[in-house]
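Next comes data13.cif, with mmCIF, C-alpha atoms and all ligand atoms.
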data_data
loop_
_atom_site.label_atom_id
_atom_site.label_comp_id
_atom_site.auth_asym_id
_atom_site.auth_seq_id
_atom_site.Cartn_x
_atom_site.Cartn_y
_atom_site.Cartn_z
CA MET A 1 0.00 0.00 0.00
CA SER A 2 1.66 3.23 -1.08
CA THR A 3 1.44 6.47 0.89
CA ILE A 4 -0.98 9.20 -0.09
CA PHE A 5 2.02 11.24 -1.21
CA SER A 6 3.23 8.45 -3.51
CA GLN A 7 -0.25 8.41 -5.00
CA ILE A 8 0.08 12.14 -5.66
CA VAL A 9 3.47 11.59 -7.34
CA GLU A 10 1.88 8.88 -9.51
CA GLY A 11 -0.96 11.23 -10.45
CA GLU A 12 -3.56 8.97 -8.83
CA ILE A 13 -4.66 11.74 -6.47
CA PRO A 14 -4.95 15.35 -7.64
CA ALA A 15 -2.66 18.00 -6.18
CA ARG A 16 -1.41 21.45 -7.04
CA VAL A 17 2.06 20.44 -8.14
CA VAL A 18 4.65 23.23 -8.03
CA TYR A 19 7.91 21.36 -8.76
CA GLU A 20 9.17 18.00 -9.98
CA ASP A 21 12.56 16.55 -10.85
CA GLU A 22 14.00 13.03 -11.03
CA THR A 23 14.00 12.38 -7.29
CA THR A 24 11.93 15.09 -5.59
CA PHE A 25 8.45 16.56 -5.85
CA ALA A 26 6.52 19.48 -4.32
CA PHE A 27 2.88 20.45 -4.08
CA LEU A 28 0.59 22.75 -2.12
CA ASP A 29 -0.63 21.45 1.23
CA ALA A 30 -4.34 20.62 1.07
CA ASN A 31 -4.89 22.26 4.48
CA PRO A 32 -2.67 25.32 4.23
CA LEU A 33 -1.49 27.04 7.40
CA SER A 34 -0.91 30.13 5.28
CA PRO A 35 -1.13 31.02 1.57
CA GLY A 36 1.58 29.10 -0.30
CA HIS A 37 2.09 26.35 2.31
CA THR A 38 4.08 23.81 0.31
CA LEU A 39 5.25 20.24 0.94
CA VAL A 40 8.53 18.98 -0.51
CA ILE A 41 9.06 15.21 -0.64
CA PRO A 42 11.43 12.61 -2.00
CA LYS A 43 9.61 10.65 -4.72
CA ASP A 44 10.61 7.36 -3.11
CA GLU A 45 8.95 6.46 0.17
CA TYR A 46 10.97 6.90 3.34
CA GLU A 47 9.10 7.31 6.59
CA ARG A 48 11.53 9.52 8.48
CA LEU A 49 14.55 11.72 7.85
CA ASN A 50 16.53 9.06 9.69
CA ASP A 51 15.74 6.62 6.85
CA LEU A 52 16.91 8.81 3.94
CA PRO A 53 19.99 7.70 2.00
CA ASP A 54 22.57 10.49 1.77
CA ASP A 55 21.99 11.16 -1.93
CA VAL A 56 18.23 11.50 -1.45
CA ALA A 57 18.75 13.81 1.53
CA THR A 58 21.05 15.96 -0.60
CA ASP A 59 18.50 16.16 -3.42
CA LEU A 60 15.68 16.91 -0.99
CA TYR A 61 17.55 19.74 0.65
CA ALA A 62 18.52 21.20 -2.74
CA THR A 63 14.84 21.32 -3.69
CA VAL A 64 13.87 22.91 -0.37
CA GLN A 65 16.61 25.50 -0.88
CA GLN A 66 15.31 26.25 -4.38
CA LEU A 67 11.67 26.45 -3.36
CA VAL A 68 11.91 28.58 -0.20
CA PRO A 69 12.51 31.83 -2.13
CA ALA A 70 10.09 30.79 -4.88
CA VAL A 71 7.29 30.16 -2.38
CA GLU A 72 8.01 33.31 -0.38
CA ASP A 73 8.13 35.48 -3.52
CA ALA A 74 4.94 33.96 -4.95
CA VAL A 75 2.86 35.06 -1.96
CA ASP A 76 4.93 38.12 -1.04
CA ALA A 77 5.82 36.63 2.35
CA ASP A 78 8.14 38.29 4.84
CA ALA A 79 9.68 35.00 5.99
CA SER A 80 8.96 31.29 6.22
CA THR A 81 8.90 28.49 8.75
CA VAL A 82 10.62 25.44 7.25
CA ALA A 83 10.12 22.25 9.21
CA PHE A 84 9.77 18.48 9.29
CA ASN A 85 7.49 16.65 11.71
CA ASN A 86 9.94 13.75 12.01
CA GLY A 87 8.08 10.80 13.52
CA GLU A 88 4.64 10.24 15.02
CA ALA A 89 5.54 11.63 18.44
CA ALA A 90 6.48 14.88 16.70
CA GLY A 91 3.11 15.10 14.98
CA GLN A 92 3.96 13.39 11.69
CA GLU A 93 0.74 12.02 10.22
CA VAL A 94 1.80 10.96 6.74
CA PRO A 95 4.58 8.33 6.91
CA HIS A 96 6.44 9.74 3.90
CA VAL A 97 9.16 12.32 4.63
CA HIS A 98 7.93 15.81 3.84
CA CYS A 99 9.26 19.28 4.47
CA HIS A 100 6.72 21.97 5.25
CA ILE A 101 7.47 25.41 3.79
CA VAL A 102 5.01 27.72 5.54
CA PRO A 103 5.11 31.34 4.40
CA ARG A 104 5.09 33.83 7.27
CA PHE A 105 3.94 37.41 7.43
CA ASP A 106 4.80 40.25 9.78
CA GLY A 107 2.33 40.15 12.66
CA ASP A 108 0.77 36.80 11.69
CA ASP A 109 0.90 35.68 15.35
CA GLY A 110 2.14 32.20 14.41
CA GLY A 111 5.08 32.43 16.77
CA PRO A 112 8.45 30.71 16.43
CA ILE A 113 8.85 26.95 16.08
CA HIS A 114 9.64 26.92 19.83
CA ALA A 115 5.95 27.53 20.46
CA ALA A 116 5.29 23.90 19.48
CA MET A 117 6.82 22.72 22.76
CA GLY A 118 5.04 25.17 25.05
CA GLY A 119 8.09 25.74 27.25
CA PHE A 120 11.76 24.98 27.86
CA ALA A 121 13.21 21.69 29.12
CA ASP A 122 14.59 21.87 32.65
CA LEU A 123 18.09 20.38 32.32
CA GLY A 124 21.13 20.78 34.52
CA ASP A 125 24.71 21.30 33.32
CA ASP A 126 25.68 17.65 33.92
CA GLU A 127 22.74 16.37 31.90
CA LEU A 128 23.51 18.82 29.09
CA ASP A 129 27.20 17.76 29.06
CA GLU A 130 26.19 14.09 28.93
CA ILE A 131 23.66 14.63 26.14
CA ALA A 132 26.12 16.69 24.09
CA ALA A 133 28.82 14.01 24.46
CA ASP A 134 26.37 11.26 23.52
CA ILE A 135 25.21 13.08 20.38
CA GLU A 136 28.82 13.86 19.41
CA SER A 137 29.79 10.20 19.73
CA ARG A 138 26.96 9.14 17.39
CA ALA A 139 27.24 11.92 14.79
P1 LIG B 201 2.34 15.99 8.90
O1 LIG B 201 1.46 16.21 10.07
O2 LIG B 201 3.68 16.65 9.04
O3 LIG B 201 2.45 14.52 8.53
O4 LIG B 201 1.67 16.75 7.71
C1 LIG B 201 0.91 16.13 6.70
C2 LIG B 201 0.40 17.23 5.82
O5 LIG B 201 -0.09 16.65 4.64
C3 LIG B 201 -0.76 18.03 6.45
O6 LIG B 201 -0.39 19.40 6.51
C4 LIG B 201 -1.91 17.79 5.48
O7 LIG B 201 -2.71 18.92 5.30
C5 LIG B 201 -1.19 17.40 4.20
N1 LIG B 201 -1.95 16.55 3.30
C6 LIG B 201 -2.59 15.39 3.61
N2 LIG B 201 -3.18 14.87 2.51
C7 LIG B 201 -2.89 15.73 1.49
C8 LIG B 201 -3.20 15.75 0.11
N3 LIG B 201 -3.94 14.78 -0.47
N4 LIG B 201 -2.74 16.78 -0.65
C9 LIG B 201 -2.00 17.75 -0.08
N5 LIG B 201 -1.66 17.79 1.21
C10 LIG B 201 -2.11 16.79 2.00
#
Produce structure tokens that represent the structure in this file.
Ligand code: AMP
Amino acid sequence: MSTIFSQIVEGEIPARVVYEDETTFAFLDANPLSPGHTLVIPKDEYERLNDLPDDVATDLYATVQQLVPAVEDAVDADASTVAFNNGEAAGQEVPHVHCHIVPRFDGDDGGPIHAAMGGFADLGDDELDEIAADIESRA
């Protein structure tokens, strides 16, 4: 069973397609958070960023980089929030990697991406040192 986004790539489900190349694809979000809200995906199905092969990740980022100014300019936005919900616990609903490009406007009251967490984590210096060392050892 292919994802809804694969069905869009295959033309089985209609979408407002804004970009396509050999490995990546982009279309307007069906439930836009602002005018121009665009999703950028790899054509092949990978559930999370963690699953992307390096070459696909490179292609995906190149398309995001190309589309951010195109999307902003098309709707005369002042800025954009560019984000992945990476995994179910982070709010990912469609199990096919997708980057949200959400145009932002002065005074739109959307807040920064930090607003998604509702507050800061309470972590001491030792915990922060340990976490930083752990990430460094895995990177
Ligand atoms: P996420 O919560 O990060 O998985 O976001 C999934 C996004 O896909 C939501 O913003 C939906 O509005 C969008 N979406 C779901 N189905 C479609 C569709 N058929 N065409 C365009 N966007 C869709």
Exercise. Output the neighbourhood of ligand LIG 201 (chain B) as a ChimeraX atom specification, that is, all protein and nucleic acid residues with some atom at most 8 Å from the ligand, counting all atoms listed in the file.
Key: /A:4-5,8,13-16,27-33,39,84-86,91-96,98-100
Same residues, C-alpha atoms, output as a short mmCIF file (atom, residue, chain, number, x, y, z; two decimals), in the frame of the given file:
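So the final result, stored in result_17.cif, reads:
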data_model
loop_
_atom_site.label_atom_id
_atom_site.label_comp_id
_atom_site.auth_asym_id
_atom_site.auth_seq_id
_atom_site.Cartn_x
_atom_site.Cartn_y
_atom_site.Cartn_z
CA ILE A 4 -0.98 9.20 -0.09
CA PHE A 5 2.02 11.24 -1.21
CA ILE A 8 0.08 12.14 -5.66
CA ILE A 13 -4.66 11.74 -6.47
CA PRO A 14 -4.95 15.35 -7.64
CA ALA A 15 -2.66 18.00 -6.18
CA ARG A 16 -1.41 21.45 -7.04
CA PHE A 27 2.88 20.45 -4.08
CA LEU A 28 0.59 22.75 -2.12
CA ASP A 29 -0.63 21.45 1.23
CA ALA A 30 -4.34 20.62 1.07
CA ASN A 31 -4.89 22.26 4.48
CA PRO A 32 -2.67 25.32 4.23
CA LEU A 33 -1.49 27.04 7.40
CA LEU A 39 5.25 20.24 0.94
CA PHE A 84 9.77 18.48 9.29
CA ASN A 85 7.49 16.65 11.71
CA ASN A 86 9.94 13.75 12.01
CA GLY A 91 3.11 15.10 14.98
CA GLN A 92 3.96 13.39 11.69
CA GLU A 93 0.74 12.02 10.22
CA VAL A 94 1.80 10.96 6.74
CA PRO A 95 4.58 8.33 6.91
CA HIS A 96 6.44 9.74 3.90
CA HIS A 98 7.93 15.81 3.84
CA CYS A 99 9.26 19.28 4.47
CA HIS A 100 6.72 21.97 5.25
#
Would you write out, as CSV, a table of all residues in stretch 18-37 of chain A that have an atom no more than 10 Å from an atom of stretch 44-53 of chain A, listing for each the closest atom pair and the distance in Å to one decimal, considering all atoms listed in the file and ordering rows by chain and rising residue number?
residue,atom,partner,partner_atom,distance
A:Thr23,CA,A:Asp44,CA,7.4
A:Thr24,CA,A:Asp44,CA,8.2
A:Phe25,CA,A:Asp44,CA,9.8
Quiz prompt | Selected residue, from A:Ala83, A:Ala26, A:Ala90, A:Val97, that lies nearest to A:Leu67 when counting all atoms listed in the file | solution =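 Closest to A:Leu67, using all atoms listed in the file: A:Ala26.
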Practice problem: Would you mind reading off the distance between atom CA of A:Thr38 and atom CA of A:Val102, one decimal, in Å? | Solution: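 Going from atom CA of A:Thr38 over to atom CA of A:Val102 covers 6.6 Å.
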Practice problem: Go ahead and compute the interatomic distance for atom CA of A:Gln65 and atom CA of A:Val9, in Å to one decimal. | Solution: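 Computing it gives 20.2 Å between the two atoms.
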Self-check item: Nearest residue to A:His114 from the set A:Asp54, A:Thr81, A:Thr63, A:Ala133 (distances using all atoms listed in the file)
Solution: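 Closest residue, counting all atoms listed in the file: A:Thr81.
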Exercise. In Å, rounded to a single decimal, give me how far atom CA of A:Gly87 is from atom CA of A:Ala57.
Key: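 Computing it gives 16.3 Å between the two atoms.
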Self-check item: Pick from A:Ala121, A:Arg104, A:Glu88, A:Val17 nearest to A:Glu72, counting only C-alpha atoms
Solution: A:Arg104
